[in-house]
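These notes are about the structure you will find just below.
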Amino acid sequence: MTRFLPFPRVSFCLLALWLLLNQAVTIGHVLLGCVIALVGGRFLTVLELPSTRVRRPGVLLRLLGLVAIDIIRSNLAVGRIILGFGRRQRKSGFVNIPLDMRNPYGLAMLACIITSTPGTLWVNFDAEKGLLMIHVLDLVDEAEWIRSIKQRYERHLLEIFE
Amino acid sequence: MNGIEHLPPWAAALTALLVFAGAVVTLVGSLGLLRFGTFYERVHAPTLGTTLGTVFVAAASIVCFSVLQSRPVLHEILIIGLGVVTTPIALTVLVGAARFRDTAEQSAQAHGPEGD
């Protein structure tokens, strides 16, 4: 944005992080936090990150809610598999998903979502072909997984980042 | 030590329940690490502990110390947030290494028995 605050959101998060860690909102800590936020923001310019805009924060909140529900559900599902309930022949395997997403921040967030959800695992993303490979613990229907990843997560992430 | 006996019964019960739930979820995840057969399946199991297990234990800590100190103690949220953001890096590196090994072994097999 400006020379002093190249990444205003990151700097704000650093300030919030500092205040949370110290559990105090005093003038001294706010000043210290501001210094850390400014210096941290300046450090990021060295990395030459591609800039992005987060559009539609409402969609972001909805996506986070959706992910929270999915994490709880898949925790239960994987727990059941581990403890051996619901005896049936379980098959795990790789699924290739063609993605439309190219934004690096969107992809990073998708990686966080897929890895945080037990039962699915980010394996590889082929940037040239736009092909994402995930590993699924309980693979019943490959097309169903492709549909659900694209519909539940990628659609929202595209709205937010592109 | 810092007045754990001053904790009202409802908060003590809630804290105990949350800690227990977190411990059970993490235990189940660790059990999965033991029970699954292949590497790719095994990587799935510990994510139980890093997601719901951590959330439960952090929630227990928030409840316990917020009640004890009569003010919101929220910095445990950072543990959850930073955990969610950093686990993909470790897991992706692990899985990448496994995939590299698999493809190397496959090409060695394709080139004949001398590549063993």
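Residue numbers start at 1 in each chain; chains themselves are named A, B, ... in the order of the structure tokens; ligands are numbered from 1 in the order shown.
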Considering only C-alpha atoms, tabulate each residue of chain B that lies at most 8 Å from chain A along with its nearest interatomic pair and the corresponding distance in Å to one decimal; arrange the rows by chain and ascending residue number and present them as CSV.
residue,atom,partner,partner_atom,distance
B:Val25,CA,A:Gly79,CA,7.7
B:Val28,CA,A:Gly79,CA,6.3
B:Gly29,CA,A:Gly79,CA,7.1
B:Leu31,CA,A:Ile82,CA,7.2
B:Gly32,CA,A:Ile82,CA,5.2
B:Arg35,CA,A:Ile82,CA,7.2
B:Phe36,CA,A:Ile82,CA,7.8
B:Tyr40,CA,A:His135,CA,7.3
B:Glu41,CA,A:Leu137,CA,6.1
B:His44,CA,A:Gly119,CA,5.6
B:Ala45,CA,A:Pro118,CA,7.1
B:Thr47,CA,A:Pro118,CA,5.5
B:Leu48,CA,A:Asn75,CA,5.9
B:Thr50,CA,A:Ser116,CA,7.9
B:Thr51,CA,A:Ser116,CA,6.5
B:Leu52,CA,A:Ile72,CA,6.9
B:Val73,CA,A:Gln23,CA,7.5
B:Leu74,CA,A:Leu20,CA,7.2
B:His75,CA,A:Leu20,CA,5.3
B:Leu78,CA,A:Leu17,CA,7.8
B:Val84,CA,A:Ser116,CA,6.4
B:Val85,CA,A:Cys112,CA,6.2
B:Thr87,CA,A:Thr115,CA,7.6
B:Pro88,CA,A:Thr115,CA,5.6
B:Leu91,CA,A:Thr115,CA,7.8
B:Thr92,CA,A:Val123,CA,6.3
B:Val95,CA,A:Val123,CA,6.1
B:Gly96,CA,A:Val123,CA,6.7
Legend entry - Spatial neighbours of Ala23 (chain B), max dist 9 Å, only C-alpha atoms, sep filter under 5 positions, as an MDAnalysis selection string: chainID B and resid 18 28 49 53:54 56:57
Using N, CA and C atoms, can you export the residues from the last selection as a compact mmCIF listing (two decimals), in the first residue's frame?
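The result, stored in result28.txt:
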# COMPACT_ATOMS: atom_id res chain seq x y z
N LEU B 18 -13.58 -31.66 28.60
CA LEU B 18 -12.89 -31.24 27.38
C LEU B 18 -11.50 -31.87 27.29
N VAL B 28 -7.01 -41.99 19.83
CA VAL B 28 -7.52 -42.72 18.67
C VAL B 28 -6.65 -42.45 17.44
N GLY B 49 -5.40 -35.76 16.07
CA GLY B 49 -4.83 -35.07 17.22
C GLY B 49 -4.55 -33.61 16.94
N GLY B 53 -8.38 -32.87 18.54
CA GLY B 53 -7.71 -33.08 19.82
C GLY B 53 -7.17 -31.77 20.38
N THR B 54 -6.47 -31.02 19.53
CA THR B 54 -5.92 -29.73 19.97
C THR B 54 -7.03 -28.76 20.34
N PHE B 56 -10.02 -29.38 21.50
CA PHE B 56 -10.60 -29.72 22.80
C PHE B 56 -9.70 -29.30 23.96
N VAL B 57 -8.41 -29.62 23.85
CA VAL B 57 -7.50 -29.30 24.95
C VAL B 57 -7.36 -27.78 25.10
Inset, instruction - Name the residues in contact with Glu128 (chain A) at a cut-off of 12 Å, using only C-alpha atoms, excluding same-chain residues fewer than 2 positions from it; report them as a ChimeraX atom specification. - result: /A:98-102,125-126,130-132
Selection file, N, CA and C atoms, as a compact mmCIF listing (two decimals), in the first residue's frame:
# COMPACT_ATOMS: atom_id res chain seq x y z
N PRO A 98 -8.94 -32.01 -11.36
CA PRO A 98 -8.58 -30.84 -12.16
C PRO A 98 -9.10 -29.56 -11.51
N LEU A 99 -8.21 -28.63 -11.22
CA LEU A 99 -8.60 -27.40 -10.54
C LEU A 99 -8.61 -26.21 -11.50
N ASP A 100 -9.50 -25.26 -11.24
CA ASP A 100 -9.50 -24.01 -11.99
C ASP A 100 -8.71 -22.94 -11.24
N MET A 101 -8.43 -23.22 -9.99
CA MET A 101 -7.76 -22.25 -9.14
C MET A 101 -6.29 -22.12 -9.52
N ARG A 102 -5.81 -20.88 -9.70
CA ARG A 102 -4.39 -20.66 -9.98
C ARG A 102 -3.76 -19.72 -8.95
N PHE A 125 0.54 -30.97 -6.44
CA PHE A 125 -0.21 -30.11 -7.36
C PHE A 125 0.66 -29.85 -8.57
N ASP A 126 0.15 -30.27 -9.71
CA ASP A 126 0.85 -30.05 -10.97
C ASP A 126 0.41 -28.69 -11.52
N GLY A 130 -2.61 -28.05 -13.88
CA GLY A 130 -3.66 -27.67 -12.95
C GLY A 130 -4.31 -28.88 -12.32
N LEU A 131 -3.50 -29.92 -12.10
CA LEU A 131 -4.05 -31.17 -11.59
C LEU A 131 -3.61 -31.37 -10.14
N LEU A 132 -4.58 -31.50 -9.26
CA LEU A 132 -4.28 -31.72 -7.86
C LEU A 132 -4.45 -33.20 -7.54
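CA of Ile69 (chain A) is found 25.0 Å from CA of Ala13 (chain B).
Using only C-alpha atoms, the residues found no farther than 10 Å from Phe7 (chain A), other than those of its own chain fewer than 3 positions away, are A:Met1, A:Thr2, A:Arg3, A:Phe4, A:Val10, A:Ser11, A:Phe12, A:Ala37, A:Leu38, A:Gly40, A:Gly41, A:Arg42, A:Leu44, A:Thr45, A:Ser51.
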Inset, instruction - Enumerate as a ChimeraX atom specification all residues of region 34-95 of chain B assigned to alpha helix (DSSP H) by DSSP on the backbone, naming them with the chain letters and numbers the document uses. - result: /B:34-35,39-44,47-48,54-69,76-95
Inset, instruction - Determine, counting only C-alpha atoms, which protein, DNA and RNA residues have an atom within 7 Å of an atom of region 140-148 of chain A; residues of the same chain fewer than 2 positions away are not included. Present the result as a VMD selection string. - result: chain A and resid 95 97 138 150 to 152
Inset, instruction - Identify which of the residues A:Ile149, A:Cys13, A:Leu139, A:Leu64 lies closest to Cys34 (chain A), counting only C-alpha atoms when measuring atom-to-atom distances. - result: A:Cys13
